[in-house]
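Trainee: Next up, model12.pdb (PDB, C-alpha atoms and all ligand atoms).
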MODEL        1
ATOM      1  CA  MET R 835     108.223 112.269 108.344
ATOM      2  CA  ASN R 836     111.669 113.750 108.042
ATOM      3  CA  ILE R 837     114.311 111.249 106.897
ATOM      4  CA  LEU R 838     117.825 112.318 107.838
ATOM      5  CA  PRO R 839     121.224 110.864 106.886
ATOM      6  CA  ARG R 840     123.654 109.584 109.487
ATOM      7  CA  ASN R 841     127.115 111.106 108.957
ATOM      8  CA  GLY R 842     126.007 112.131 105.484
ATOM      9  CA  ILE R 843     124.852 108.610 104.521
ATOM     10  CA  PHE R 844     121.238 107.480 104.113
ATOM     11  CA  GLU R 845     120.667 104.022 105.567
ATOM     12  CA  LYS R 846     118.073 101.481 104.531
ATOM     13  CA  THR R 847     114.822 101.617 106.476
ATOM     14  CA  SER R 848     114.054  98.175 107.934
ATOM     15  CA  LEU R 849     110.799  96.433 107.060
ATOM     16  CA  PRO R 850     108.098  96.243 109.770
ATOM     17  CA  TYR R 851     107.399  92.599 108.735
ATOM     18  CA  LYS R 852     109.332  89.499 107.626
ATOM     19  CA  LEU R 853     110.026  88.763 103.955
ATOM     20  CA  GLU R 854     107.305  86.086 104.107
ATOM     21  CA  GLY R 855     104.955  88.405 106.026
ATOM     22  CA  LEU R 856     102.976  89.712 103.055
ATOM     23  CA  LEU R 857     102.219  86.349 101.436
ATOM     24  CA  PRO R 858     100.225  85.607  99.331
ATOM     25  CA  VAL R 859      99.899  89.219  98.164
ATOM     26  CA  ILE R 860     103.627  89.952  97.780
ATOM     27  CA  SER R 861     106.080  87.049  97.686
ATOM     28  CA  LYS R 862     109.384  86.708  99.486
ATOM     29  CA  GLU R 863     111.137  86.680  96.106
ATOM     30  CA  THR R 864     109.538  89.979  95.076
ATOM     31  CA  LEU R 865     110.652  91.591  98.346
ATOM     32  CA  GLN R 866     114.148  90.149  97.908
ATOM     33  CA  TYR R 867     114.384  91.898  94.550
ATOM     34  CA  HIS R 868     112.269  94.990  95.137
ATOM     35  CA  TYR R 869     113.373  95.876  98.673
ATOM     36  CA  GLY R 870     116.674  93.975  98.589
ATOM     37  CA  LYS R 871     118.006  95.030  95.186
ATOM     38  CA  HIS R 872     116.005  97.830  93.545
ATOM     39  CA  LEU R 873     115.756 100.043  96.638
ATOM     40  CA  GLU R 874     119.373  99.277  97.514
ATOM     41  CA  THR R 875     120.523 100.458  94.077
ATOM     42  CA  TYR R 876     118.625 103.752  94.426
ATOM     43  CA  LEU R 877     120.096 104.177  97.914
ATOM     44  CA  ASN R 878     123.680 103.483  96.791
ATOM     45  CA  ASN R 879     123.280 105.847  93.832
ATOM     46  CA  LEU R 880     121.876 108.543  96.130
ATOM     47  CA  ASN R 881     124.758 108.263  98.597
ATOM     48  CA  THR R 882     127.323 108.323  95.778
ATOM     49  CA  LEU R 883     125.698 111.335  94.099
ATOM     50  CA  LEU R 884     125.449 113.229  97.374
ATOM     51  CA  GLY R 885     129.232 113.028  97.794
ATOM     52  CA  ASP R 886     130.227 116.514  98.775
ATOM     53  CA  SER R 887     127.235 118.173  97.121
ATOM     54  CA  GLU R 888     125.357 121.122  98.579
ATOM     55  CA  PHE R 889     122.657 118.667  99.757
ATOM     56  CA  LYS R 890     124.959 116.616 101.988
ATOM     57  CA  ASN R 891     123.353 116.300 105.465
ATOM     58  CA  GLU R 892     120.001 117.666 104.250
ATOM     59  CA  SER R 893     116.849 115.617 104.835
ATOM     60  CA  LEU R 894     115.638 113.301 102.073
ATOM     61  CA  GLU R 895     112.505 115.422 101.664
ATOM     62  CA  THR R 896     114.564 118.611 101.195
ATOM     63  CA  ILE R 897     116.688 116.895  98.542
ATOM     64  CA  VAL R 898     113.590 115.660  96.676
ATOM     65  CA  GLN R 899     112.006 119.123  96.764
ATOM     66  CA  ASN R 900     115.108 120.995  95.599
ATOM     67  CA  SER R 901     117.181 118.753  93.318
ATOM     68  CA  ASN R 902     116.876 117.590  89.718
ATOM     69  CA  GLY R 903     118.384 115.064  87.305
ATOM     70  CA  ALA R 904     119.963 111.881  88.627
ATOM     71  CA  LEU R 905     120.097 113.121  92.224
ATOM     72  CA  PHE R 906     116.354 113.845  92.186
ATOM     73  CA  ASN R 907     115.508 110.515  90.538
ATOM     74  CA  ASN R 908     117.439 108.440  93.060
ATOM     75  CA  ALA R 909     116.464 110.485  96.144
ATOM     76  CA  SER R 910     112.808 110.459  95.167
ATOM     77  CA  GLN R 911     112.838 106.727  94.442
ATOM     78  CA  VAL R 912     114.291 106.138  97.929
ATOM     79  CA  LEU R 913     111.545 108.269  99.505
ATOM     80  CA  ASN R 914     108.835 106.611  97.372
ATOM     81  CA  HIS R 915     109.973 103.125  98.330
ATOM     82  CA  VAL R 916     110.298 103.944 102.049
ATOM     83  CA  LEU R 917     106.708 105.234 102.054
ATOM     84  CA  TYR R 918     105.607 102.194 100.011
ATOM     85  CA  PHE R 919     107.272  99.407 101.995
ATOM     86  CA  THR R 920     106.427 100.798 105.437
ATOM     87  CA  GLN R 921     102.690 101.078 104.646
ATOM     88  CA  PHE R 922     102.137  97.287 104.599
ATOM     89  CA  GLN R 923     101.239  94.682 107.216
ATOM     90  CA  LYS R 924     100.120  91.041 107.189
ATOM     91  CA  PRO R 925      97.075  90.376 104.957
ATOM     92  CA  SER R 926      93.544  90.800 106.235
ATOM     93  CA  ALA R 927      90.333  90.949 104.219
ATOM     94  CA  GLU R 928      88.933  93.347 106.851
ATOM     95  CA  ASN R 929      91.492  96.104 106.218
ATOM     96  CA  LYS R 930      89.685  99.437 106.158
ATOM     97  CA  PRO R 931      90.482 103.057 107.047
ATOM     98  CA  GLN R 932      89.302 104.394 110.388
ATOM     99  CA  GLY R 933      89.063 107.749 112.108
ATOM    100  CA  TYR R 934      89.798 111.060 110.415
ATOM    101  CA  LEU R 935      91.172 109.452 107.264
ATOM    102  CA  LYS R 936      88.006 107.405 106.801
ATOM    103  CA  LYS R 937      85.912 110.584 107.097
ATOM    104  CA  ALA R 938      88.171 112.444 104.645
ATOM    105  CA  ILE R 939      87.977 109.573 102.111
ATOM    106  CA  GLU R 940      84.173 109.531 102.328
ATOM    107  CA  LYS R 941      84.049 113.317 101.961
ATOM    108  CA  ALA R 942      86.277 113.315  98.868
ATOM    109  CA  PHE R 943      85.163 110.079  97.164
ATOM    110  CA  ASN R 944      81.724 109.305  98.678
ATOM    111  CA  SER R 945      82.713 105.835  99.872
ATOM    112  CA  PHE R 946      85.770 103.672 100.538
ATOM    113  CA  GLU R 947      84.687 101.320  97.730
ATOM    114  CA  ASN R 948      84.486 104.185  95.266
ATOM    115  CA  PHE R 949      87.875 105.485  96.390
ATOM    116  CA  LYS R 950      89.442 102.043  95.846
ATOM    117  CA  ASN R 951      87.982 101.840  92.328
ATOM    118  CA  ILE R 952      89.282 105.285  91.352
ATOM    119  CA  PHE R 953      92.706 104.592  92.886
ATOM    120  CA  GLU R 954      93.066 101.256  91.092
ATOM    121  CA  LYS R 955      91.994 102.797  87.766
ATOM    122  CA  GLN R 956      94.569 105.563  88.137
ATOM    123  CA  GLY R 957      97.205 102.884  88.729
ATOM    124  CA  ILE R 958      96.098 100.803  85.756
ATOM    125  CA  SER R 959      95.935 103.770  83.355
ATOM    126  CA  LEU R 960      99.350 105.217  84.200
ATOM    127  CA  PHE R 961     101.350 104.539  81.028
ATOM    128  CA  GLY R 962     104.818 103.138  81.658
ATOM    129  CA  SER R 963     106.484 103.393  85.065
ATOM    130  CA  GLY R 964     105.382 105.486  88.002
ATOM    131  CA  TRP R 965     103.266 105.727  91.125
ATOM    132  CA  VAL R 966      99.690 106.486  92.088
ATOM    133  CA  TRP R 967      99.321 108.487  95.297
ATOM    134  CA  LEU R 968      96.750 109.522  97.850
ATOM    135  CA  SER R 969      97.888 112.828  99.360
ATOM    136  CA  SER R 970      96.424 115.666 101.365
ATOM    137  CA  ASP R 971      96.676 119.384 100.733
ATOM    138  CA  ASP R 972      97.274 122.052 103.381
ATOM    139  CA  SER R 973      93.569 122.038 104.320
ATOM    140  CA  GLY R 974      93.440 118.269 104.791
ATOM    141  CA  ASN R 975      91.551 117.603 101.547
ATOM    142  CA  LEU R 976      92.485 114.358  99.791
ATOM    143  CA  ILE R 977      93.823 114.150  96.245
ATOM    144  CA  ILE R 978      94.677 111.175  94.028
ATOM    145  CA  SER R 979      97.514 111.769  91.574
ATOM    146  CA  GLN R 980      99.492 109.824  89.010
ATOM    147  CA  GLU R 981     103.202 110.552  89.171
ATOM    148  CA  GLU R 982     105.486 109.411  86.341
ATOM    149  CA  ASN R 983     108.759 107.598  86.960
ATOM    150  CA  ALA R 984     110.268 108.857  90.251
ATOM    151  CA  LYS R 985     108.009 111.817  91.031
ATOM    152  CA  ASN R 986     106.604 112.305  94.532
ATOM    153  CA  PRO R 987     103.680 114.604  95.500
ATOM    154  CA  ILE R 988     105.849 116.549  97.974
ATOM    155  CA  THR R 989     107.181 118.389  94.917
ATOM    156  CA  LYS R 990     103.634 119.847  94.628
ATOM    157  CA  ASN R 991     103.530 120.705  98.350
ATOM    158  CA  LEU R 992     101.202 117.762  99.031
ATOM    159  CA  ASN R 993     101.482 115.365 101.962
ATOM    160  CA  PRO R 994     101.840 111.759 100.702
ATOM    161  CA  ILE R 995      99.753 109.158 102.556
ATOM    162  CA  LEU R 996      99.306 106.011 100.439
ATOM    163  CA  THR R 997     101.035 104.831  97.287
ATOM    164  CA  PHE R 998     100.939 101.954  94.804
ATOM    165  CA  ASP R 999     104.150 101.330  92.865
ATOM    166  CA  VAL R1000     103.227 100.548  89.261
ATOM    167  CA  TRP R1001     106.765  99.934  88.008
ATOM    168  CA  GLU R1002     106.815  96.381  86.599
ATOM    169  CA  HIS R1003     109.477  95.363  89.141
ATOM    170  CA  ALA R1004     106.757  95.655  91.834
ATOM    171  CA  TYR R1005     104.590  92.854  90.415
ATOM    172  CA  TYR R1006     106.227  90.983  87.537
ATOM    173  CA  ILE R1007     107.442  88.007  89.614
ATOM    174  CA  ASP R1008     104.057  87.411  91.277
ATOM    175  CA  PHE R1009     101.537  88.663  88.704
ATOM    176  CA  ARG R1010     103.575  88.763  85.470
ATOM    177  CA  ASN R1011     101.986  91.505  83.328
ATOM    178  CA  ASN R1012      98.707  91.660  85.274
ATOM    179  CA  ARG R1013      99.063  95.025  86.969
ATOM    180  CA  ALA R1014      95.315  95.262  87.663
ATOM    181  CA  GLU R1015      95.203  92.049  89.708
ATOM    182  CA  HIS R1016      98.281  93.084  91.663
ATOM    183  CA  LEU R1017      96.797  96.482  92.549
ATOM    184  CA  LYS R1018      93.481  94.910  93.546
ATOM    185  CA  SER R1019      95.257  92.537  95.938
ATOM    186  CA  LEU R1020      97.230  95.288  97.690
ATOM    187  CA  TRP R1021      94.222  96.474  99.726
ATOM    188  CA  GLN R1022      94.582  93.345 101.884
ATOM    189  CA  ILE R1023      97.949  94.483 103.262
ATOM    190  CA  ILE R1024      97.471  98.221 103.820
ATOM    191  CA  ASN R1025      98.224  99.359 107.382
ATOM    192  CA  TRP R1026      95.471 101.952 107.805
ATOM    193  CA  ASP R1027      96.524 102.774 111.374
ATOM    194  CA  LEU R1028      99.847 104.001 110.014
ATOM    195  CA  LEU R1029      98.150 105.943 107.214
ATOM    196  CA  GLU R1030      95.867 107.595 109.775
ATOM    197  CA  LEU R1031      99.044 108.833 111.503
ATOM    198  CA  ARG R1032     100.527 110.074 108.220
ATOM    199  CA  TYR R1033      97.317 112.025 107.676
ATOM    200  CA  THR R1034      96.632 113.359 111.179
ATOM    201  CA  GLU R1035     100.234 114.266 112.070
ATOM    202  CA  LYS R1036     100.247 116.696 109.179
ATOM    203  CA  HIS R1037      96.793 118.099 109.874
ATOM    204  CA  ARG R1038      96.404 117.910 113.636
ATOM    205  CA  TYR R1039      95.710 121.632 113.816
ATOM    206  CA  HIS R1040      92.840 121.410 111.349
ATOM    207  CA  PHE R1041      90.685 118.945 113.288
TER
HETATM  208 FE    FE I1101     109.581  99.981  93.041
ENDMDL
END
Please go through the file and, once you have read it, give me the structure as structure tokens.

Mentor:
Amino acid sequence: MNILPRNGIFEKTSLPYKLEGLLPVISKETLQYHYGKHLETYLNNLNTLLGDSEFKNESLETIVQNSNGALFNNASQVLNHVLYFTQFQKPSAENKPQGYLKKAIEKAFNSFENFKNIFEKQGISLFGSGWVWLSSDDSGNLIISQEENAKNPITKNLNPILTFDVWEHAYYIDFRNNRAEHLKSLWQIINWDLLELRYTEKHRYHF
């Protein structure tokens, strides 16, 4: 993915589902706040900070990899939330990875069930605000990482595939302080076909 501004302005990525489309896992009200207000604030801050800076007209990924301070925080939060919101689809208990990503998960974590347990635990144990990520390295190997606050694995030259937002704004309306239950429920709405593309597009020459 390479997210580019239009005339120097980053625009909001539209959701691939309706605001009611993720019920009962994520409510309409949560999306109204999380996508409608939190992401919008990061986006407005990013566009204001870009102004006439050296990063004007650069891709979002380039800004995240090369900036710091407030510009980094807002740019990275926009990238994080775009990757987060676009990875969902309507709930299904049968949601499972397929294809190359399934094989890579089983190679790295023995089984999908084991992977889910490790991923959830990393999300639960992250102190304060941040993100847990599944990424791939240049060889296509999978890595789970905790990233504090706004950090994104592309700053470590990793390719982000899946992420759970563990900032309280992601779950407080629907699950109050129960982060663990929120994370457990997210598996029902993961669009594994999209994640397969995020994985294979980066590594097509390795297969
Ligand atoms: Fe968030």

Trainee: Could you tell me how far CA of Ala984 (chain R) sits from CA of Ser910 (chain R), in Å to one decimal place?

Mentor: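 Separation of CA of Ser910 (chain R) and CA of Ala984 (chain R): 5.8 Å.
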
Trainee: Report the centre and edge lengths, in Å to one decimal, of an axis-aligned box enclosing every atom of region 968-972 of chain R listed in the file, padded by 6 Å on each side, as lines of an AutoDock Vina configuration file.

Mentor:
center_x = 97.2
center_y = 115.8
center_z = 100.6
size_x = 13.5
size_y = 24.5
size_z = 17.5

Trainee: List all protein, DNA and RNA residues that have any atom at most 7 Å from ligand FE 1101 (chain I), counting all atoms listed in the file, and write the list as a PyMOL selection string.

Mentor: chain R and resi 868+872+915+999+1001+1003-1004

Trainee: From the list R:Leu913, R:Leu1031, R:Leu976, R:Ala942, which residue is nearest Leu894 (chain R) when using all atoms listed in the file?

Mentor: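 Of all the options, R:Leu913 lies closest to Leu894 (chain R).
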
Trainee: With all atoms listed in the file as the counted atoms, please give the residues lying no more than 9 Å from Glu1002 (chain R), apart from itself and same-chain residues fewer than 5 positions off, as a PDB file with C-alpha atoms, keeping the file's coordinate frame.

Mentor:
ATOM      1  CA  GLY R 962     104.818 103.138  81.658  1.00  0.00           C
ATOM      2  CA  SER R 963     106.484 103.393  85.065  1.00  0.00           C
ATOM      3  CA  ILE R1007     107.442  88.007  89.614  1.00  0.00           C
ATOM      4  CA  ARG R1010     103.575  88.763  85.470  1.00  0.00           C
ATOM      5  CA  ASN R1011     101.986  91.505  83.328  1.00  0.00           C
ATOM      6  CA  ARG R1013      99.063  95.025  86.969  1.00  0.00           C
TER       7      ARG R1013
END

Trainee: Could you check which of R:Gln866, R:Asp1008, R:Pro925, R:Tyr918 is closest to Asn986 (chain R), using only C-alpha atoms?

Mentor: R:Tyr918

Trainee: Identify which of the residues R:Asn914, R:Ser893, R:Asn951, R:Gln932 lies closest to Asn841 (chain R), counting all atoms listed in the file when measuring atom-to-atom distances.

Mentor: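 Nearest candidate to Asn841 (chain R) out of R:Asn914, R:Ser893, R:Asn951, R:Gln932: R:Ser893.
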
Trainee: Applying 8 Å and all atoms listed in the file, which residues near Pro850 (chain R) remain after dropping the ones on its own chain fewer than 5 positions away? List them as a CSV table (one decimal) with C-alpha atoms, keeping the file's coordinate frame.

Mentor:
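Saved the output as out_9.csv:
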chain,number,residue,atom,x,y,z
R,920,THR,CA,106.4,100.8,105.4
R,922,PHE,CA,102.1,97.3,104.6
R,923,GLN,CA,101.2,94.7,107.2

Trainee: Would you mind telling me which residue in R:Leu996, R:Lys924, R:Leu853, R:Ser1019 lies nearest to Leu865 (chain R) when using only C-alpha atoms?

Mentor: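 Between R:Leu996, R:Lys924, R:Leu853, R:Ser1019, the residue approaching Leu865 (chain R) most closely is R:Leu853.
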
Trainee: Please write as a PyMOL selection string the full residue list that the PyMOL selection byres (((chain R and resi 858) around 10) and not hetatm) yields on this file.

Mentor: chain R and resi 854-857+859-862+924-925+1008+1019+1022-1023

Trainee: Excluding Ser848 (chain R) and residues on its chain fewer than 6 positions from it, collect all residues at most 12 Å away from it, counting only C-alpha atoms, and give them as a PDB file with C-alpha atoms, in the frame of the given file.

Mentor:
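Saved the output as selection.pdb:
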ATOM      1  CA  TYR R 869     113.373  95.876  98.673  1.00  0.00           C
ATOM      2  CA  GLY R 870     116.674  93.975  98.589  1.00  0.00           C
ATOM      3  CA  LEU R 873     115.756 100.043  96.638  1.00  0.00           C
ATOM      4  CA  GLU R 874     119.373  99.277  97.514  1.00  0.00           C
ATOM      5  CA  HIS R 915     109.973 103.125  98.330  1.00  0.00           C
ATOM      6  CA  VAL R 916     110.298 103.944 102.049  1.00  0.00           C
ATOM      7  CA  LEU R 917     106.708 105.234 102.054  1.00  0.00           C
ATOM      8  CA  PHE R 919     107.272  99.407 101.995  1.00  0.00           C
ATOM      9  CA  THR R 920     106.427 100.798 105.437  1.00  0.00           C
TER      10      THR R 920
END

Trainee: Residue by residue, what does the PyMOL selection byres (((chain R and resi 838) around 9) and not hetatm) grab here? Present the result as a list of chain:residue names.

Mentor: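 Listing what the PyMOL selection byres (((chain R and resi 838) around 9) and not hetatm) selects in the shown file: R:Asn836, R:Ile837, R:Pro839, R:Arg840, R:Gly842, R:Ile843, R:Phe844, R:Asn891, R:Glu892, R:Ser893, R:Leu894, R:Glu895.
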